[in-house]
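The file work23.txt contains compact mmCIF, C-alpha atoms:
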# COMPACT_ATOMS: atom_id res chain seq x y z
CA MET A 1 25.22 -25.49 -8.51
CA LYS A 2 23.85 -22.55 -6.51
CA LEU A 3 23.98 -20.33 -9.60
CA ILE A 4 21.76 -22.82 -11.44
CA LEU A 5 19.45 -23.52 -8.51
CA LYS A 6 18.47 -19.91 -7.77
CA PRO A 7 16.94 -19.17 -11.22
CA LEU A 8 15.12 -22.51 -11.12
CA LEU A 9 13.65 -21.75 -7.71
CA ALA A 10 12.59 -18.30 -8.91
CA MET A 11 10.91 -19.80 -11.97
CA ALA A 12 9.18 -22.43 -9.83
CA ALA A 13 7.88 -19.70 -7.50
CA ILE A 14 6.51 -17.74 -10.46
CA VAL A 15 4.81 -20.83 -11.88
CA LEU A 16 3.30 -21.67 -8.49
CA LEU A 17 2.09 -18.09 -7.96
CA THR A 18 0.54 -17.99 -11.45
CA ALA A 19 -1.21 -21.30 -10.82
CA CYS A 20 -2.55 -20.05 -7.47
CA GLN A 21 -3.83 -16.86 -9.05
CA SER A 22 -5.50 -18.75 -11.88
CA ALA A 23 -7.14 -21.07 -9.38
CA TYR A 24 -8.34 -18.07 -7.37
CA TYR A 25 -9.90 -16.35 -10.38
CA GLY A 26 -11.48 -19.63 -11.46
CA ALA A 27 -12.98 -20.18 -8.01
CA MET A 28 -14.32 -16.62 -7.91
CA GLU A 29 -15.95 -16.99 -11.32
CA ARG A 30 -17.67 -20.18 -10.18
CA LEU A 31 -19.09 -18.09 -7.34
CA GLY A 32 -20.37 -15.57 -9.86
CA VAL A 33 -17.63 -12.96 -9.34
CA ALA A 34 -16.09 -12.03 -12.69
CA LYS A 35 -12.63 -10.54 -13.24
CA ARG A 36 -14.34 -7.24 -14.16
CA ASP A 37 -15.78 -7.12 -10.64
CA ILE A 38 -12.46 -8.06 -9.07
CA ILE A 39 -10.53 -5.35 -10.89
CA VAL A 40 -13.04 -2.71 -9.79
CA ASP A 41 -12.71 -3.87 -6.17
CA ARG A 42 -8.92 -3.80 -6.38
CA VAL A 43 -8.82 -0.36 -7.97
CA GLU A 44 -10.99 0.89 -5.11
CA GLU A 45 -8.61 -0.73 -2.62
CA ALA A 46 -5.67 0.97 -4.34
CA GLN A 47 -7.54 4.27 -4.08
CA ASP A 48 -8.08 3.76 -0.36
CA ALA A 49 -4.39 2.90 0.15
CA GLN A 50 -3.32 6.05 -1.68
CA GLN A 51 -5.71 8.26 0.26
CA GLU A 52 -4.45 6.79 3.53
CA GLY A 53 -0.89 7.23 2.24
CA GLN A 54 -1.51 10.90 1.52
CA GLU A 55 -2.62 11.43 5.10
CA GLN A 56 0.31 9.47 6.51
CA PHE A 57 2.95 11.30 4.51
CA GLN A 58 1.44 14.63 5.53
CA ASN A 59 1.69 13.50 9.15
CA ALA A 60 5.34 12.56 8.63
CA LEU A 61 6.05 15.95 7.05
CA GLU A 62 4.43 17.76 9.98
CA GLN A 63 6.49 15.69 12.41
CA PHE A 64 9.66 16.52 10.49
CA ARG A 65 8.74 20.20 10.69
CA SER A 66 8.37 19.87 14.45
CA VAL A 67 11.87 18.39 14.61
CA VAL A 68 13.60 21.12 12.60
CA ASN A 69 11.68 23.74 14.61
CA PHE A 70 12.73 22.12 17.90
CA ASP A 71 13.18 24.74 20.57
CA GLY A 72 13.73 22.98 23.86
CA GLY A 73 12.17 19.98 25.56
CA ASP A 74 12.87 16.28 25.32
CA LEU A 75 14.72 15.77 22.02
CA GLN A 76 14.55 11.99 22.37
CA GLN A 77 10.75 12.10 22.42
CA VAL A 78 10.72 14.34 19.34
CA TYR A 79 13.02 11.91 17.53
CA ASP A 80 10.92 8.90 18.61
CA ARG A 81 7.78 10.48 17.16
CA LEU A 82 9.55 11.20 13.86
CA ASP A 83 10.89 7.65 13.70
CA ALA A 84 7.39 6.26 14.37
CA GLU A 85 5.91 8.38 11.58
CA PHE A 86 8.67 7.22 9.23
CA GLN A 87 7.93 3.57 10.06
CA ARG A 88 4.23 4.13 9.43
CA SER A 89 5.08 5.84 6.15
CA GLU A 90 7.08 2.81 5.02
CA GLN A 91 4.13 0.59 5.87
CA ALA A 92 1.76 2.87 3.97
CA ALA A 93 4.07 2.77 0.93
CA ASP A 94 4.16 -1.04 1.07
CA ARG A 95 0.36 -1.15 1.11
CA ILE A 96 0.17 1.16 -1.89
CA ARG A 97 2.66 -0.96 -3.84
CA ASP A 98 0.82 -4.17 -2.92
CA ARG A 99 -2.56 -2.76 -4.00
CA ILE A 100 -1.17 -1.51 -7.31
CA GLU A 101 0.44 -4.88 -7.97
CA ALA A 102 -2.89 -6.60 -7.25
CA VAL A 103 -4.62 -4.34 -9.80
CA GLU A 104 -1.96 -5.10 -12.41
CA ASP A 105 -2.29 -8.83 -11.81
CA VAL A 106 -6.04 -9.03 -12.36
CA ALA A 107 -5.83 -6.62 -15.31
CA ASP A 108 -3.35 -8.94 -17.04
CA ALA A 109 -5.64 -11.91 -16.41
CA LEU A 110 -8.74 -10.05 -17.60
CA PHE A 111 -7.22 -8.78 -20.85
CA ASP A 112 -5.49 -12.09 -21.67
CA GLU A 113 -8.78 -13.95 -21.23
CA TRP A 114 -10.74 -11.36 -23.24
CA GLU A 115 -8.20 -11.50 -26.08
CA ASP A 116 -8.27 -15.31 -26.19
CA GLU A 117 -12.06 -15.45 -26.19
CA LEU A 118 -12.32 -13.24 -29.27
CA ASP A 119 -11.30 -16.29 -31.32
CA LEU A 120 -14.31 -18.22 -30.03
CA TYR A 121 -16.87 -15.99 -31.77
CA THR A 122 -18.68 -17.21 -34.86
CA ASN A 123 -20.72 -14.00 -35.22
CA GLN A 124 -18.24 -11.48 -36.65
CA GLN A 125 -20.32 -8.42 -35.74
CA LEU A 126 -20.38 -9.44 -32.10
CA ARG A 127 -16.66 -10.16 -32.28
CA ARG A 128 -15.93 -6.69 -33.65
CA ASP A 129 -18.08 -5.08 -30.96
CA SER A 130 -16.29 -7.03 -28.24
CA GLU A 131 -12.90 -6.17 -29.72
CA GLN A 132 -13.80 -2.46 -29.70
CA GLN A 133 -14.87 -2.72 -26.07
CA LEU A 134 -11.61 -4.47 -25.26
CA ARG A 135 -9.55 -1.71 -26.88
CA ALA A 136 -11.52 1.02 -25.11
CA THR A 137 -11.20 -0.71 -21.74
CA ARG A 138 -7.51 -1.38 -22.24
CA ASP A 139 -6.89 2.25 -23.25
CA ARG A 140 -8.65 3.47 -20.14
CA TYR A 141 -6.74 0.98 -18.00
CA ASP A 142 -3.42 2.04 -19.55
CA GLN A 143 -4.13 5.63 -18.47
CA LEU A 144 -4.88 4.39 -14.97
CA ALA A 145 -1.76 2.20 -14.89
CA ARG A 146 0.48 5.09 -15.92
CA ALA A 147 -1.04 7.32 -13.24
CA MET A 148 -0.58 4.63 -10.57
CA GLN A 149 3.00 4.02 -11.65
CA ARG A 150 3.76 7.74 -11.47
CA SER A 151 2.30 7.90 -7.97
CA GLU A 152 4.28 4.83 -6.93
CA ALA A 153 7.48 6.42 -8.26
CA THR A 154 7.00 9.43 -5.96
CA LEU A 155 7.16 7.28 -2.83
CA ASP A 156 10.88 6.53 -2.79
CA PRO A 157 12.20 10.13 -2.88
CA VAL A 158 10.15 10.98 0.22
CA LEU A 159 11.03 7.76 2.03
CA ASP A 160 14.73 8.10 1.16
CA SER A 161 14.90 11.65 2.49
CA LEU A 162 13.02 10.76 5.66
CA ARG A 163 15.19 7.68 6.22
CA ASP A 164 18.42 9.66 5.77
CA ASN A 165 17.35 12.28 8.27
CA VAL A 166 16.00 9.79 10.81
CA LEU A 167 19.27 7.84 10.66
CA TYR A 168 21.32 11.02 10.98
CA LEU A 169 19.37 12.11 14.03
CA LYS A 170 19.58 8.65 15.57
CA HIS A 171 23.36 8.94 15.82
CA ASN A 172 23.57 12.71 16.33
CA LEU A 173 20.73 13.54 18.68
CA ASN A 174 21.64 17.10 19.59
CA ALA A 175 20.87 20.71 18.70
CA ARG A 176 23.73 20.82 16.18
CA ALA A 177 22.21 17.89 14.29
CA ILE A 178 18.84 19.66 14.20
CA ALA A 179 20.54 22.69 12.66
CA SER A 180 22.24 20.43 10.08
CA ILE A 181 18.99 18.91 8.80
CA ARG A 182 17.03 22.16 8.80
CA GLY A 183 17.94 22.75 5.17
CA GLU A 184 16.35 19.42 4.22
CA LEU A 185 12.84 20.67 4.94
CA ASP A 186 12.37 22.40 1.58
CA THR A 187 13.39 19.24 -0.30
CA ILE A 188 11.08 16.98 1.68
CA ASP A 189 8.28 19.53 1.41
CA ALA A 190 8.62 19.61 -2.39
CA ASP A 191 8.81 15.81 -2.62
CA VAL A 192 5.66 15.42 -0.52
CA ASP A 193 3.84 17.98 -2.68
CA GLU A 194 4.78 15.98 -5.79
CA LEU A 195 3.62 12.77 -4.12
CA MET A 196 0.28 14.36 -3.18
CA ALA A 197 -0.31 15.60 -6.72
CA ALA A 198 0.61 12.26 -8.31
CA MET A 199 -1.65 10.33 -5.97
CA GLU A 200 -4.50 12.76 -6.52
CA ALA A 201 -4.14 12.23 -10.27
CA ALA A 202 -4.12 8.44 -9.81
CA ILE A 203 -7.22 8.60 -7.61
CA ALA A 204 -9.01 10.69 -10.26
CA GLU A 205 -8.03 8.20 -12.99
CA SER A 206 -9.33 5.41 -10.76
CA ASP A 207 -12.70 7.13 -10.53
CA ARG A 208 -12.91 7.39 -14.32
CA PHE A 209 -11.89 3.76 -14.81
CA ILE A 210 -14.42 2.50 -12.25
CA ALA A 211 -17.18 4.58 -13.85
CA GLN A 212 -16.40 3.06 -17.26
CA MET A 213 -16.33 -0.49 -15.91
CA ARG A 214 -19.69 0.01 -14.21
CA SER A 215 -21.40 1.69 -17.16
Exercise: express the given structure as structure tokens:
Amino acid sequence: MKLILKPLLAMAAIVLLTACQSAYYGAMERLGVAKRDIIVDRVEEAQDAQQEGQEQFQNALEQFRSVVNFDGGDLQQVYDRLDAEFQRSEQAADRIRDRIEAVEDVADALFDEWEDELDLYTNQQLRRDSEQQLRATRDRYDQLARAMQRSEATLDPVLDSLRDNVLYLKHNLNARAIASIRGELDTIDADVDELMAAMEAAIAESDRFIAQMRS
């Protein structure tokens, strides 16, 4: 019975979420806010989350450097600061994922509606023009989506490495443990560099997409 119930509950949750989202977009359109406006707002929010994430992950990297370069003092305080930066990094990653998911959601709604409304045209020239605009907008969005997905994919390697080292230090808080994780710095450094580059590319794609939507 449980094996049957779980998929049904998952399907019900999806149906309910879809209905809520449709109701939200409908309510916003009645207020004069179109899906085009919503997607621009959400892309900007995703940009902000990624820029904040860049800063946070740099802070975490600097804190990790201070740990591996530890040379006397209160090791517990050094660990506590690293753990706090790791926790903030996880929160920043969650915000980035949430903002990207929100962009994807409204994009799906926008393009589905646009595609459906092509069949309502009686003027074929206007229909062709609208279809061309749809293809151009979708192509630009696809570039943005790929860039955001690449940036999202760079989060886990950094978080995984930070988590491993924070956990190791938690149970081995001594100078020997510091020496053991010192070799991890190059890996985390490279992962953070990749994350920074991927997010910078996604932010640049966001700028281009927003400019197109506003033109």
Go ahead and compute the interatomic distance for atom CA of A:Asp186 and atom CA of A:Arg163, in Å to one decimal.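 If I compute the distance from atom CA of A:Asp186 to atom CA of A:Arg163, I get 15.7 Å.
When all atoms listed in the file are used to measure the gap to A:Ile38, the shortest distance among A:Glu104, A:Glu184, A:Glu62, A:Glu152 belongs to A:Glu104.
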From the options A:Gly183, A:Gln212, A:Asp164, A:Pro157, which residue's atoms come nearest to A:Ala136, counting only C-alpha atoms? A:Gln212
Give me, as a PyMOL selection string, all polymer residues having an atom no more than 10 Å from A:Gln51, counting only C-alpha atoms and skipping those fewer than 3 positions away in the same chain. chain A and resi 45-48+54-56+92+96+196+199-200+203
Would you mind listing what lies within 8 Å of A:Val158 as a list in words, with all atoms listed in the file counted and same-chain residues fewer than 3 positions away left out?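 Non-adjacent residues within range: Thr154, Leu155, Ser161, Leu162, Ile188, Asp191 and Val192 of chain A.
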Writing out the chosen residues with C-alpha atoms as a JSON list (two decimals), keeping the file's coordinate frame:
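Result file follows (selection.json):
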[["chain", "number", "residue", "atom", "x", "y", "z"],
["A", 154, "THR", "CA", 7.00, 9.43, -5.96],
["A", 155, "LEU", "CA", 7.16, 7.28, -2.83],
["A", 161, "SER", "CA", 14.90, 11.65, 2.49],
["A", 162, "LEU", "CA", 13.02, 10.76, 5.66],
["A", 188, "ILE", "CA", 11.08, 16.98, 1.68],
["A", 191, "ASP", "CA", 8.81, 15.81, -2.62],
["A", 192, "VAL", "CA", 5.66, 15.42, -0.52]]
Find the residues with any atom within 9 Å of (14.8, 19.8, 17.8); use only C-alpha atoms and the coordinates as given in the file, and write the answer as a PDB file with C-alpha atoms, in the frame of the given file.
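To be explicit, this is the file written out as result-v1.pdb:
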ATOM      1  CA  SER A  66       8.370  19.870  14.450  1.00  0.00           C
ATOM      2  CA  VAL A  67      11.870  18.390  14.610  1.00  0.00           C
ATOM      3  CA  VAL A  68      13.600  21.120  12.600  1.00  0.00           C
ATOM      4  CA  ASN A  69      11.680  23.740  14.610  1.00  0.00           C
ATOM      5  CA  PHE A  70      12.730  22.120  17.900  1.00  0.00           C
ATOM      6  CA  ASP A  71      13.180  24.740  20.570  1.00  0.00           C
ATOM      7  CA  GLY A  72      13.730  22.980  23.860  1.00  0.00           C
ATOM      8  CA  GLY A  73      12.170  19.980  25.560  1.00  0.00           C
ATOM      9  CA  ASP A  74      12.870  16.280  25.320  1.00  0.00           C
ATOM     10  CA  LEU A  75      14.720  15.770  22.020  1.00  0.00           C
ATOM     11  CA  VAL A  78      10.720  14.340  19.340  1.00  0.00           C
ATOM     12  CA  TYR A  79      13.020  11.910  17.530  1.00  0.00           C
ATOM     13  CA  LEU A 173      20.730  13.540  18.680  1.00  0.00           C
ATOM     14  CA  ASN A 174      21.640  17.100  19.590  1.00  0.00           C
ATOM     15  CA  ALA A 175      20.870  20.710  18.700  1.00  0.00           C
ATOM     16  CA  ALA A 177      22.210  17.890  14.290  1.00  0.00           C
ATOM     17  CA  ILE A 178      18.840  19.660  14.200  1.00  0.00           C
ATOM     18  CA  ALA A 179      20.540  22.690  12.660  1.00  0.00           C
TER      19      ALA A 179
END
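Taking atom CA of A:Ala145 as the reference point, atom CA of A:Glu113 is found at 18.7 Å.
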Which value, in Å to one decimal, gives the distance between atom CA of A:Val43 and atom CA of A:Tyr141?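 It comes out at 10.3 Å.
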Pick out the closest residue to A:Glu44 from this set: A:Leu110, A:Asp83, A:His171, A:Val103. Count all atoms listed in the file. A:Val103
Skipping near chain neighbours, those fewer than 2 positions away, what residues fall within 12 Å of A:Trp114 using only C-alpha atoms, listed as a PyMOL selection string? chain A and resi 34-36+107-112+116-121+127+130-135+137-138
Rank nothing, just name the residue among A:Leu167, A:Ala49, A:Ala201, A:Ala60 nearest to A:Arg95, using all atoms listed in the file. A:Ala49
Given all atoms listed in the file as the counted atoms, nearest of A:Gln50, A:Gln77, A:Asn165, A:Gln124 to A:Thr187: A:Asn165
Measuring between all atoms listed in the file, which one of A:Leu169, A:Val106, A:Ala211, A:Ala93 shows the shortest distance to A:Ala153? A:Ala93
